[in-house]
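Here is the structure we will look at.
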Amino acid sequence: MTETPATLPEGPLLQIEQVRKVFRTDVFKPAQVALAGLSLTLRRGQCTALLGPNGAGKTTTIRLILGLIAPDSGRVLFTGRPMSTASKQYIGYMPETAKLPASLQVAEVLRQQLLLFAPPHATTAKQRRQCVEATLAEVGLSQHAHKRIGRLSKGMARRLAWAQATIHRPQLLILDEPASGLDPLARRSMLGWIQAEKSRGTTILLCTHEMLQVSTLCDDYVVLRRGHLVASGLVAASTGVCLSVSGLGETGLSRFALTEELPPWRALRQDGFLAELSFVDYDGAAMWAAALLRKGYVVTRFGDDYRAIEEQLLSYYLEEA
């Protein structure tokens, strides 16, 4: 899990082109359009957030990528070619709920994963044993190698699911709510593992409802609603810069801006005596910080405004509601 994945041909890693999927489950009910001409390209080495309210089409998109269902029209391409069985050796998948036979042992699951995917770093029995041992140590399951799946806590099961998804060093990693059900320490570990995979150049598709994961882990995002792609963009372009100042309310800040000839803020959040100003770019925030400090005000924070993108993305959920 520490080496760079095998090199694949140049070009986009994954392309979804005009994919349409309709489910007809009941002759007495109208057909359900899960995806209505979805087009999406994943950039190599980037983490893309797949967002949307329940029923938006996220799970259907993942199942199409994995080849579990076929599109009614359109196509899914991996390195420019139709997805095939051979392509799947380069893909890792961590479902929200892993369903494994309760009688299997933890180490056995990982050994079987290596035998199934046959990655180049684990072609012999010795290499597979060493790889399983190293992976179990990385996710903190060494002492539970021979424990049966049915006896694992939810946190242990999530760690095993991560290990199973990444032990063969995939080029594309699909994560469905990876931190679901984890305690704060386990959640921090999970986010660190995701960041490490990204640093190694793995392309990641992260399906999540947690906006903090989007702002801290992802490079870009796509938002689905009722089978349609309704928004996409770069996280950095949507983040902005914010500063917090003590002792000024909205009226005082407005007067200060007029007196000092300062640019307008994008958003203002008031919490007691603390005001948080959000700006589109660094220059506007820097001008405000310099002016406030020059006049003796206390600036308690200056940095990225992650809440801006959270509020922007949450608006798509509110529209659905």
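The way I read the labels, and the way they are meant: chains A, B, ... in the order of the structure tokens, residue 1 as the first residue of every chain, and ligand 1 as the first ligand shown, with later ones counted on from there.
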
Would you mind writing down, as a short mmCIF file (atom, residue, chain, number, x, y, z; two decimals) with N, CA and C atoms, in the first residue's frame, each residue of region 44-272 of chain A that DSSP on the backbone assigns to strand (DSSP E)?
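To be explicit, this is the file written out as part-v8.cif:
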```
data_model
loop_
_atom_site.label_atom_id
_atom_site.label_comp_id
_atom_site.auth_asym_id
_atom_site.auth_seq_id
_atom_site.Cartn_x
_atom_site.Cartn_y
_atom_site.Cartn_z
N CYS A 47 -9.33 14.16 -6.32
CA CYS A 47 -10.43 13.63 -5.51
C CYS A 47 -11.69 14.41 -5.88
N THR A 48 -12.67 13.70 -6.42
CA THR A 48 -13.92 14.32 -6.86
C THR A 48 -15.04 13.91 -5.93
N ALA A 49 -15.79 14.88 -5.43
CA ALA A 49 -16.94 14.60 -4.57
C ALA A 49 -18.16 14.36 -5.43
N LEU A 50 -18.85 13.26 -5.16
CA LEU A 50 -20.11 12.94 -5.83
C LEU A 50 -21.22 13.24 -4.83
N LEU A 51 -21.98 14.28 -5.09
CA LEU A 51 -22.93 14.81 -4.11
C LEU A 51 -24.35 14.78 -4.64
N SER A 73 -28.40 3.59 -22.35
CA SER A 73 -27.70 4.24 -23.46
C SER A 73 -26.51 4.99 -22.90
N GLY A 74 -25.59 5.40 -23.78
CA GLY A 74 -24.36 6.01 -23.33
C GLY A 74 -23.32 4.96 -23.00
N ARG A 75 -22.18 5.39 -22.49
CA ARG A 75 -21.11 4.44 -22.20
C ARG A 75 -20.21 4.94 -21.08
N VAL A 76 -19.54 3.97 -20.45
CA VAL A 76 -18.55 4.23 -19.41
C VAL A 76 -17.20 3.79 -19.93
N LEU A 77 -16.23 4.71 -19.97
CA LEU A 77 -14.91 4.42 -20.51
C LEU A 77 -13.86 4.49 -19.41
N PHE A 78 -12.94 3.53 -19.44
CA PHE A 78 -11.79 3.52 -18.52
C PHE A 78 -10.54 3.61 -19.37
N ARG A 81 -11.35 3.34 -23.10
CA ARG A 81 -11.93 2.12 -23.64
C ARG A 81 -13.13 1.71 -22.80
N PRO A 82 -14.08 0.97 -23.39
CA PRO A 82 -15.22 0.50 -22.61
C PRO A 82 -14.77 -0.30 -21.39
N ILE A 91 -9.45 -0.86 -10.01
CA ILE A 91 -10.48 -0.14 -9.26
C ILE A 91 -10.62 -0.72 -7.86
N GLY A 92 -10.71 0.15 -6.86
CA GLY A 92 -11.02 -0.24 -5.50
C GLY A 92 -12.34 0.38 -5.08
N TYR A 93 -13.13 -0.37 -4.32
CA TYR A 93 -14.46 0.11 -3.94
C TYR A 93 -14.71 -0.16 -2.46
N MET A 94 -15.08 0.89 -1.74
CA MET A 94 -15.46 0.77 -0.34
C MET A 94 -16.92 1.15 -0.22
N LEU A 172 -8.09 3.82 -9.42
CA LEU A 172 -9.35 4.51 -9.15
C LEU A 172 -9.94 3.94 -7.87
N LEU A 173 -10.21 4.81 -6.91
CA LEU A 173 -10.76 4.40 -5.62
C LEU A 173 -12.12 5.06 -5.44
N ILE A 174 -13.15 4.23 -5.29
CA ILE A 174 -14.53 4.72 -5.11
C ILE A 174 -14.92 4.51 -3.66
N LEU A 175 -15.25 5.59 -2.98
CA LEU A 175 -15.57 5.55 -1.56
C LEU A 175 -16.99 6.04 -1.33
N ASP A 176 -17.81 5.20 -0.70
CA ASP A 176 -19.21 5.54 -0.41
C ASP A 176 -19.35 5.74 1.10
N THR A 203 -6.70 8.30 -8.13
CA THR A 203 -7.90 9.07 -8.48
C THR A 203 -9.03 8.58 -7.58
N ILE A 204 -9.73 9.52 -6.93
CA ILE A 204 -10.73 9.14 -5.93
C ILE A 204 -12.08 9.75 -6.28
N LEU A 205 -13.11 8.93 -6.20
CA LEU A 205 -14.49 9.39 -6.29
C LEU A 205 -15.11 9.20 -4.92
N LEU A 206 -15.43 10.31 -4.25
CA LEU A 206 -15.90 10.28 -2.87
C LEU A 206 -17.38 10.65 -2.82
N CYS A 207 -18.19 9.68 -2.47
CA CYS A 207 -19.62 9.92 -2.30
C CYS A 207 -19.89 10.18 -0.82
N ASP A 220 -12.48 18.82 -6.67
CA ASP A 220 -13.66 19.30 -7.40
C ASP A 220 -14.89 18.52 -6.95
N TYR A 221 -16.03 18.92 -7.44
CA TYR A 221 -17.28 18.29 -7.02
C TYR A 221 -18.27 18.27 -8.18
N VAL A 222 -19.19 17.32 -8.11
CA VAL A 222 -20.34 17.27 -9.01
C VAL A 222 -21.57 17.03 -8.14
N VAL A 223 -22.67 17.65 -8.51
CA VAL A 223 -23.91 17.52 -7.75
C VAL A 223 -24.99 16.95 -8.66
N LEU A 224 -25.59 15.85 -8.23
CA LEU A 224 -26.69 15.23 -8.97
C LEU A 224 -28.01 15.54 -8.27
N ARG A 225 -29.04 15.68 -9.07
CA ARG A 225 -30.39 15.82 -8.53
C ARG A 225 -31.37 15.21 -9.52
N HIS A 228 -29.95 14.17 -12.87
CA HIS A 228 -29.32 15.19 -13.70
C HIS A 228 -28.11 15.78 -12.96
N LEU A 229 -27.07 16.12 -13.71
CA LEU A 229 -25.95 16.85 -13.15
C LEU A 229 -26.34 18.33 -13.12
N VAL A 230 -26.50 18.88 -11.91
CA VAL A 230 -27.00 20.25 -11.78
C VAL A 230 -25.91 21.25 -11.43
N ALA A 231 -24.74 20.76 -11.00
CA ALA A 231 -23.65 21.68 -10.67
C ALA A 231 -22.34 20.93 -10.63
N SER A 232 -21.27 21.63 -10.93
CA SER A 232 -19.92 21.08 -10.81
C SER A 232 -18.95 22.26 -10.70
N GLY A 233 -17.79 21.99 -10.14
CA GLY A 233 -16.82 23.07 -10.01
C GLY A 233 -15.62 22.66 -9.20
N LEU A 234 -14.67 23.57 -9.09
CA LEU A 234 -13.47 23.35 -8.29
C LEU A 234 -13.72 23.81 -6.87
N VAL A 241 -11.86 33.33 1.15
CA VAL A 241 -11.05 33.65 2.33
C VAL A 241 -11.94 34.34 3.35
N CYS A 242 -11.70 34.07 4.63
CA CYS A 242 -12.49 34.74 5.65
C CYS A 242 -11.58 35.27 6.76
N LEU A 243 -12.09 36.23 7.49
CA LEU A 243 -11.41 36.72 8.68
C LEU A 243 -12.45 36.96 9.75
N SER A 244 -12.02 36.83 11.00
CA SER A 244 -12.90 37.08 12.14
C SER A 244 -12.36 38.25 12.92
N VAL A 245 -13.25 39.15 13.32
CA VAL A 245 -12.85 40.34 14.07
C VAL A 245 -13.77 40.48 15.28
N SER A 246 -13.19 40.90 16.39
CA SER A 246 -13.95 41.04 17.63
C SER A 246 -14.34 42.49 17.86
N ALA A 267 -20.04 37.52 2.48
CA ALA A 267 -21.00 37.06 3.49
C ALA A 267 -20.52 37.53 4.85
N LEU A 268 -21.48 37.74 5.74
CA LEU A 268 -21.18 38.13 7.11
C LEU A 268 -21.91 37.19 8.05
N ARG A 269 -21.16 36.59 8.98
CA ARG A 269 -21.75 35.72 10.00
C ARG A 269 -21.43 36.32 11.36
N GLN A 270 -22.46 36.55 12.17
CA GLN A 270 -22.28 37.17 13.48
C GLN A 270 -22.50 36.15 14.57
N ASP A 271 -21.57 36.06 15.51
CA ASP A 271 -21.69 35.15 16.65
C ASP A 271 -21.27 35.90 17.90
#
```

Taking the DSSP secondary structure from the backbone, can you list the residues of region 134-209 of chain A that are helix (DSSP H, G or I), as a PyMOL selection string?
chain A and resi 134-138+142-144+149-151+154-166+184-199

Proximity to Thr166 (chain A) - best of A:Thr135, A:Gln143, A:Thr60, A:Gln127, only C-alpha atoms:
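Checking each candidate against Thr166 (chain A), we get A:Thr135 as the closest.
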
To one decimal place in Å, what is the distance between CA of Gly45 (chain A) and CA of Lys198 (chain A)?
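Between CA of Gly45 (chain A) and CA of Lys198 (chain A) the gap works out to 6.4 Å.
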